[in-house]
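The file query.cif comes next; it holds mmCIF, C-alpha atoms.
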data_work
#
loop_
_atom_site.label_atom_id
_atom_site.label_comp_id
_atom_site.auth_asym_id
_atom_site.auth_seq_id
_atom_site.Cartn_x
_atom_site.Cartn_y
_atom_site.Cartn_z
CA MET A 416 0.00 0.00 0.00
CA ALA A 417 1.17 3.50 -0.78
CA GLU A 418 2.40 6.17 1.60
CA PRO A 419 0.15 9.12 2.47
CA THR A 420 1.14 12.22 0.50
CA LEU A 421 1.33 15.89 1.46
CA LEU A 422 -2.22 16.46 0.17
CA HIS A 423 -3.67 13.93 2.61
CA TYR A 424 -2.26 15.82 5.58
CA LEU A 425 -3.26 19.24 4.22
CA VAL A 426 -6.86 18.09 3.68
CA LEU A 427 -6.95 16.69 7.22
CA GLY A 428 -5.70 20.05 8.50
CA ALA A 429 -8.37 21.90 6.51
CA VAL A 430 -11.13 19.64 7.88
CA LEU A 431 -10.02 20.17 11.48
CA PHE A 432 -9.66 23.93 10.98
CA ALA A 433 -13.15 24.18 9.42
CA LEU A 434 -14.66 22.23 12.33
CA GLY A 435 -12.83 24.57 14.72
CA ILE A 436 -14.34 27.63 13.03
CA PHE A 437 -17.77 26.03 13.21
CA GLY A 438 -17.42 25.44 16.95
CA LEU A 439 -16.06 28.95 17.48
CA LEU A 440 -19.07 30.52 15.72
CA THR A 441 -21.83 28.37 17.20
CA ARG A 442 -20.89 27.51 20.80
CA ARG A 443 -22.60 29.49 23.56
CA ASN A 444 -20.41 28.06 26.30
CA ALA A 445 -17.10 29.91 26.73
CA ILE A 446 -15.23 26.65 27.42
CA GLY A 447 -16.66 25.21 24.19
CA VAL A 448 -15.22 28.20 22.34
CA LEU A 449 -11.80 27.56 23.92
CA MET A 450 -11.95 23.89 22.85
CA ALA A 451 -12.72 24.95 19.27
CA ILE A 452 -9.67 27.23 19.37
CA GLU A 453 -7.52 24.28 20.48
CA LEU A 454 -8.77 22.34 17.44
CA MET A 455 -7.69 25.17 15.16
CA PHE A 456 -4.23 25.32 16.79
CA ASN A 457 -3.84 21.60 16.14
CA ALA A 458 -4.90 21.91 12.50
CA ALA A 459 -2.19 24.55 11.97
CA ALA A 460 0.36 22.37 13.77
CA ILE A 461 -0.43 19.39 11.51
CA ASN A 462 0.23 21.59 8.49
CA PHE A 463 3.58 22.73 9.93
CA VAL A 464 4.76 19.17 10.62
CA ALA A 465 3.55 17.92 7.22
CA PHE A 466 5.41 20.73 5.42
CA THR A 467 8.53 19.87 7.42
CA LYS A 468 8.47 16.29 6.19
CA PHE A 469 7.54 16.91 2.57
CA VAL A 470 8.92 20.34 1.61
CA ALA A 471 12.01 21.06 3.74
CA PRO A 472 13.02 17.91 5.63
CA GLU A 473 16.69 18.81 6.19
CA GLU A 474 15.93 21.93 8.27
CA ILE A 475 13.26 20.92 10.75
CA ALA A 476 11.95 24.45 11.31
CA GLY A 477 8.30 23.34 11.12
CA GLN A 478 8.68 21.02 14.08
CA ILE A 479 10.31 23.79 16.11
CA PHE A 480 7.43 26.13 15.33
CA THR A 481 5.00 23.41 16.36
CA ILE A 482 6.70 23.36 19.77
CA PHE A 483 6.10 27.12 19.99
CA ILE A 484 2.45 26.63 18.96
CA ILE A 485 1.94 24.07 21.74
CA THR A 486 3.57 26.40 24.29
CA ILE A 487 1.41 29.36 23.28
CA ALA A 488 -1.68 27.13 23.36
CA ALA A 489 -0.87 26.16 26.95
CA ALA A 490 -0.47 29.82 27.96
CA GLU A 491 -3.70 30.72 26.14
CA ALA A 492 -5.63 27.94 27.88
CA ALA A 493 -4.38 29.02 31.32
CA VAL A 494 -5.31 32.70 30.85
CA GLY A 495 -8.57 31.87 29.03
CA LEU A 496 -9.80 29.54 31.73
CA ALA A 497 -8.87 32.08 34.42
CA ILE A 498 -11.04 34.62 32.57
CA VAL A 499 -13.86 32.03 32.34
CA ILE A 500 -13.73 31.47 36.11
CA LEU A 501 -13.84 35.24 36.70
CA ILE A 502 -16.81 35.64 34.31
CA TYR A 503 -18.63 32.82 36.10
CA ARG A 504 -18.08 34.57 39.42
CA ASN A 505 -19.48 37.86 38.15
CA PHE A 506 -22.31 36.71 35.84
CA LYS A 507 -23.31 33.35 37.41
CA GLY A 508 -22.97 31.69 33.99
CA ILE A 509 -20.53 31.40 31.09
CA GLU A 510 -22.89 31.73 28.11
CA VAL A 511 -20.99 34.14 25.88
CA ASP A 512 -24.10 35.74 24.37
CA ASN A 513 -25.26 36.88 27.82
CA ILE A 514 -22.02 38.75 28.46
CA ASN A 515 -22.56 41.89 26.40
CA PHE A 516 -21.99 44.79 28.77
CA MET A 517 -19.23 46.18 26.52
CA LYS A 518 -21.61 46.26 23.55
CA TRP A 519 -23.75 49.35 22.93
CA MET B 1089 0.15 0.08 5.31
CA ASN B 1090 0.97 3.64 6.35
CA LEU B 1091 -1.89 4.91 4.22
CA LEU B 1092 -4.32 2.62 6.04
CA ILE B 1093 -3.03 3.83 9.44
CA PHE B 1094 -3.34 7.42 8.22
CA TYR B 1095 -6.97 6.90 7.19
CA ILE B 1096 -7.86 5.28 10.51
CA LEU B 1097 -6.23 8.13 12.50
CA ALA B 1098 -7.69 10.83 10.25
CA ILE B 1099 -11.23 9.46 10.48
CA MET B 1100 -10.87 9.14 14.26
CA ALA B 1101 -9.63 12.73 14.51
CA GLY B 1102 -12.30 14.10 12.18
CA VAL B 1103 -15.27 12.29 13.73
CA SER B 1104 -14.27 13.13 17.28
CA ALA B 1105 -13.59 16.76 16.29
CA LEU B 1106 -17.15 16.86 14.88
CA MET B 1107 -18.36 15.52 18.23
CA VAL B 1108 -16.37 18.21 20.06
CA VAL B 1109 -18.18 21.01 18.25
CA THR B 1110 -21.69 19.53 18.08
CA LEU B 1111 -22.40 17.52 21.25
CA LYS B 1112 -25.00 18.87 23.69
CA ASN B 1113 -23.08 17.97 26.83
CA ILE B 1114 -19.92 20.06 27.14
CA PHE B 1115 -18.30 17.44 29.37
CA HIS B 1116 -18.59 14.80 26.64
CA SER B 1117 -17.09 17.32 24.21
CA ALA B 1118 -14.02 17.60 26.44
CA LEU B 1119 -13.64 13.80 26.47
CA PHE B 1120 -13.86 13.67 22.67
CA LEU B 1121 -11.25 16.45 22.52
CA VAL B 1122 -8.88 14.02 24.30
CA LEU B 1123 -9.53 11.43 21.55
CA THR B 1124 -8.90 14.00 18.80
CA LEU B 1125 -5.60 15.06 20.35
CA PHE B 1126 -4.50 11.43 20.74
CA SER B 1127 -5.17 10.75 17.05
CA ILE B 1128 -3.18 13.86 16.14
CA ALA B 1129 -0.27 12.51 18.22
CA GLY B 1130 -0.47 9.36 16.07
CA ILE B 1131 -0.39 11.53 12.94
CA TYR B 1132 2.81 13.16 14.26
CA ILE B 1133 4.42 9.73 14.62
CA LEU B 1134 3.45 8.94 11.01
CA LEU B 1135 5.13 12.21 10.00
CA GLY B 1136 8.35 11.22 11.75
CA ALA B 1137 8.03 13.70 14.65
CA GLU B 1138 8.24 11.39 17.67
CA PHE B 1139 9.23 14.11 20.12
CA LEU B 1140 6.23 16.22 19.11
CA ALA B 1141 3.93 13.23 19.60
CA GLY B 1142 5.22 12.87 23.16
CA VAL B 1143 4.84 16.59 23.83
CA GLN B 1144 1.33 16.48 22.36
CA VAL B 1145 0.26 13.72 24.74
CA LEU B 1146 1.95 15.31 27.77
CA ILE B 1147 0.82 18.91 27.31
CA TYR B 1148 -2.44 18.71 25.37
CA VAL B 1149 -3.92 15.47 26.68
CA GLY B 1150 -2.31 15.61 30.08
CA ALA B 1151 -2.54 19.29 30.94
CA ILE B 1152 -4.82 21.39 28.75
CA THR B 1153 -7.84 19.06 28.56
CA ILE B 1154 -7.58 18.31 32.28
CA LEU B 1155 -7.55 22.07 32.92
CA MET B 1156 -10.68 22.39 30.76
CA ILE B 1157 -12.44 19.56 32.58
CA PHE B 1158 -11.57 21.31 35.86
CA ALA B 1159 -13.07 24.56 34.56
CA ILE B 1160 -16.21 22.72 33.38
CA MET B 1161 -16.62 21.11 36.80
CA LEU B 1162 -16.14 24.48 38.53
CA THR B 1163 -18.53 26.48 36.38
CA TYR B 1164 -21.11 24.42 34.57
CA GLN B 1165 -24.15 22.61 35.89
CA ILE B 1166 -23.64 19.24 34.20
CA SER B 1167 -26.97 17.89 35.47
CA ASN B 1168 -28.87 20.81 33.90
CA LYS B 1169 -29.77 19.65 30.39
CA ASN B 1170 -31.95 22.69 29.66
CA ILE B 1171 -29.05 25.05 28.93
CA ARG B 1172 -28.86 25.60 25.18
CA GLN B 1173 -25.32 24.97 23.88
CA VAL B 1174 -25.66 26.35 20.35
CA ASN B 1175 -26.60 29.92 19.43
CA GLU B 1176 -28.81 31.19 16.61
CA GLN B 1177 -25.95 31.50 14.10
CA LYS B 1178 -25.87 27.78 13.30
CA GLY B 1179 -27.21 28.04 9.71
CA TYR B 1180 -25.00 30.95 8.72
CA ALA B 1181 -22.00 29.32 10.38
CA THR B 1182 -22.52 26.11 8.39
CA ILE B 1183 -22.60 28.05 5.11
CA ILE B 1184 -19.50 30.07 5.96
CA VAL B 1185 -17.56 27.02 7.14
CA LEU B 1186 -18.47 25.09 3.96
CA LEU B 1187 -17.35 28.04 1.83
CA PHE B 1188 -14.09 28.28 3.77
CA PHE B 1189 -13.51 24.55 3.42
CA ILE B 1190 -14.12 24.58 -0.35
CA LEU B 1191 -11.82 27.59 -0.73
CA SER B 1192 -8.99 25.99 1.25
CA LEU B 1193 -9.44 22.65 -0.53
CA TRP B 1194 -9.26 24.44 -3.86
CA THR B 1195 -6.09 26.25 -2.77
CA VAL B 1196 -4.50 23.00 -1.56
CA LEU B 1197 -5.26 21.18 -4.81
CA LYS B 1198 -4.34 24.04 -7.16
CA THR B 1199 -1.00 24.98 -5.62
CA ALA B 1200 2.10 23.24 -7.00
CA TRP B 1201 3.83 22.35 -3.71
CA PRO B 1202 7.63 22.16 -4.05
CA VAL B 1203 7.87 18.62 -2.69
CA SER B 1204 11.46 17.75 -1.80
CA ASP B 1205 13.11 14.33 -2.11
CA GLY B 1206 15.23 14.65 1.03
CA SER B 1207 14.53 12.88 4.28
CA LEU B 1208 14.34 14.00 7.89
CA PRO B 1209 17.61 14.04 9.89
CA GLU B 1210 18.66 10.64 11.21
CA ARG B 1211 18.45 11.73 14.85
CA ASN B 1212 15.35 13.89 14.71
CA THR B 1213 15.01 14.78 18.39
CA PHE B 1214 18.73 15.48 18.75
CA GLU B 1215 18.59 17.90 15.81
CA LEU B 1216 15.47 19.53 17.25
CA GLY B 1217 17.16 20.22 20.57
CA ARG B 1218 20.33 21.48 18.92
CA GLN B 1219 18.50 23.98 16.71
CA LEU B 1220 16.21 25.10 19.54
CA LEU B 1221 19.27 26.23 21.55
CA SER B 1222 21.29 27.64 18.67
CA THR B 1223 19.34 29.02 15.68
CA TYR B 1224 16.07 29.57 17.54
CA VAL B 1225 17.41 30.55 20.95
CA ILE B 1226 15.81 34.02 20.97
CA PRO B 1227 12.25 32.82 20.20
CA PHE B 1228 12.85 30.09 22.78
CA GLU B 1229 13.65 32.65 25.47
CA VAL B 1230 10.77 34.91 24.43
CA VAL B 1231 8.34 32.02 24.67
CA SER B 1232 9.56 31.23 28.18
CA VAL B 1233 8.84 34.84 29.18
CA VAL B 1234 5.36 34.49 27.62
CA LEU B 1235 4.75 31.40 29.75
CA LEU B 1236 5.86 33.25 32.89
CA VAL B 1237 3.57 36.20 32.09
CA ALA B 1238 0.65 33.82 31.44
CA LEU B 1239 1.29 32.11 34.78
CA ILE B 1240 1.28 35.41 36.69
CA GLY B 1241 -1.66 36.71 34.67
CA ALA B 1242 -3.80 33.64 35.34
CA ILE B 1243 -3.16 33.96 39.09
CA ILE B 1244 -3.89 37.71 39.14
CA ILE B 1245 -7.07 37.37 37.07
CA SER B 1246 -8.65 34.54 39.01
CA ARG B 1247 -7.61 35.76 42.46
CA ARG B 1248 -10.44 36.85 44.71
CA ASP B 1249 -9.99 40.46 45.71
CA SER B 1250 -9.33 40.46 49.47
CA GLN B 1251 -10.77 43.94 50.00
CA GLU B 1252 -13.99 42.90 48.27
CA GLU B 1253 -14.60 40.20 50.84
CA ASN B 1254 -14.19 42.36 53.94
#
Here is the file; what I need is its structure written in the form of structure tokens.
Amino acid sequence: MAEPTLLHYLVLGAVLFALGIFGLLTRRNAIGVLMAIELMFNAAAINFVAFTKFVAPEEIAGQIFTIFIITIAAAEAAVGLAIVILIYRNFKGIEVDNINFMKW
Amino acid sequence: MNLLIFYILAIMAGVSALMVVTLKNIFHSALFLVLTLFSIAGIYILLGAEFLAGVQVLIYVGAITILMIFAIMLTYQISNKNIRQVNEQKGYATIIVLLFFILSLWTVLKTAWPVSDGSLPERNTFELGRQLLSTYVIPFEVVSVVLLVALIGAIIISRRDSQEEN
């Protein structure tokens, strides 16, 4: 059986990114929105690693940038969940469409 | 053989990602997120990035999803099934996402990718560590400062104000 090509991985990345956008646009729960963002981070990371293997395998820059993506995702999750806890304390709920006091 | 493994992992990742964004119960979504991230770790192994697969399991599966499950437990009434999880934008969002997907698929198929014949370095993880501390040492240090700031920021944000309580 053949090996998977670059296109296979890019299509997988596109599918995961599209699902992430869908979750980002439709979720009411703030934690659901954060999970959708994690999906999108992972889709981008798959693209980076796939390009490393198929386009520039000698210099493994894509894998290094994936490490940075994972680090930033961890920082983002920590700060985001702290904000979610604070919102819950002030609004007694984390439905993002109820939190509109900065909208006029 | 590798193609078969790729299809199994990709279908697992795609189906569980669909579950993550559509399920009614946010707790089940978090559990399916774990499955998605595991399949992506398998994809990294297929791509010859063993170190990244390990990091993916340790940080994403081990830390980030557990943090999310903690936040769900602290904030959300799991027993309350009456809370609507999806807002009114569902129809528009489906159209926009389909358009985006078609556009990106078209771009992926139309672009002539400069596929190289070379192979990954023999000792992949060794090379990764060497470059991280030589060529990419400045981004490496900056990212450690970002982590420190995020740590302090998360504590400051979620701290209860002591004057408020008195």
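Within 6 Å of chain A, and counting only C-alpha atoms, chain B contributes B:Met1089, B:Asn1090, B:Leu1091, B:Val1109, B:Gln1173, B:Val1174, B:Asn1175, B:Lys1178, B:Val1185, B:Val1203, B:Ser1204, B:Ser1207, B:Leu1208, B:Leu1235, B:Ala1238, B:Ala1242, B:Ser1246.
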| said: Using all atoms listed in the file, which protein or nucleic acid residues come within 8 Å of stretch 1120-1125 of chain B? Drop anything in the same chain fewer than 5 positions from it, and give the result as number ranges by chain. | reply: A: 450, 457; B: 1100-1102, 1104-1105, 1107-1108, 1144-1145, 1148-1149, 1153
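Of the listed residues (B:Leu1140, B:Met1161, B:Leu1146, B:Ile1245), B:Leu1140 comes nearest to A:Phe463; the distances count all atoms listed in the file.
From atom CA of B:Leu1239 back to atom CA of B:Val1225, the distance works out to 21.3 Å.
The two atoms in question, atom CA of B:Trp1194 and atom CA of B:Gln1177, are spaced 25.5 Å apart.
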| request: Report the residues retrieved by the PyMOL selection byres ((chain B and resi 1139) around 10) from the displayed file, expressed as number ranges by chain. | output: A: 478, 482; B: 1129, 1132-1133, 1136-1138, 1140-1144, 1212-1214, 1216
Could you save the residues just selected, with C-alpha atoms, as a compact mmCIF listing (two decimals), keeping the file's coordinate frame?
# COMPACT_ATOMS: atom_id res chain seq x y z
CA GLN A 478 8.68 21.02 14.08
CA ILE A 482 6.70 23.36 19.77
CA ALA B 1129 -0.27 12.51 18.22
CA TYR B 1132 2.81 13.16 14.26
CA ILE B 1133 4.42 9.73 14.62
CA GLY B 1136 8.35 11.22 11.75
CA ALA B 1137 8.03 13.70 14.65
CA GLU B 1138 8.24 11.39 17.67
CA LEU B 1140 6.23 16.22 19.11
CA ALA B 1141 3.93 13.23 19.60
CA GLY B 1142 5.22 12.87 23.16
CA VAL B 1143 4.84 16.59 23.83
CA GLN B 1144 1.33 16.48 22.36
CA ASN B 1212 15.35 13.89 14.71
CA THR B 1213 15.01 14.78 18.39
CA PHE B 1214 18.73 15.48 18.75
CA LEU B 1216 15.47 19.53 17.25
| Which residue out of B:Ser1192, B:Ser1127, B:Trp1201, B:Ile1160 has the minimum interatomic distance to B:Ile1099 when all atoms listed in the file are used? | B:Ser1127
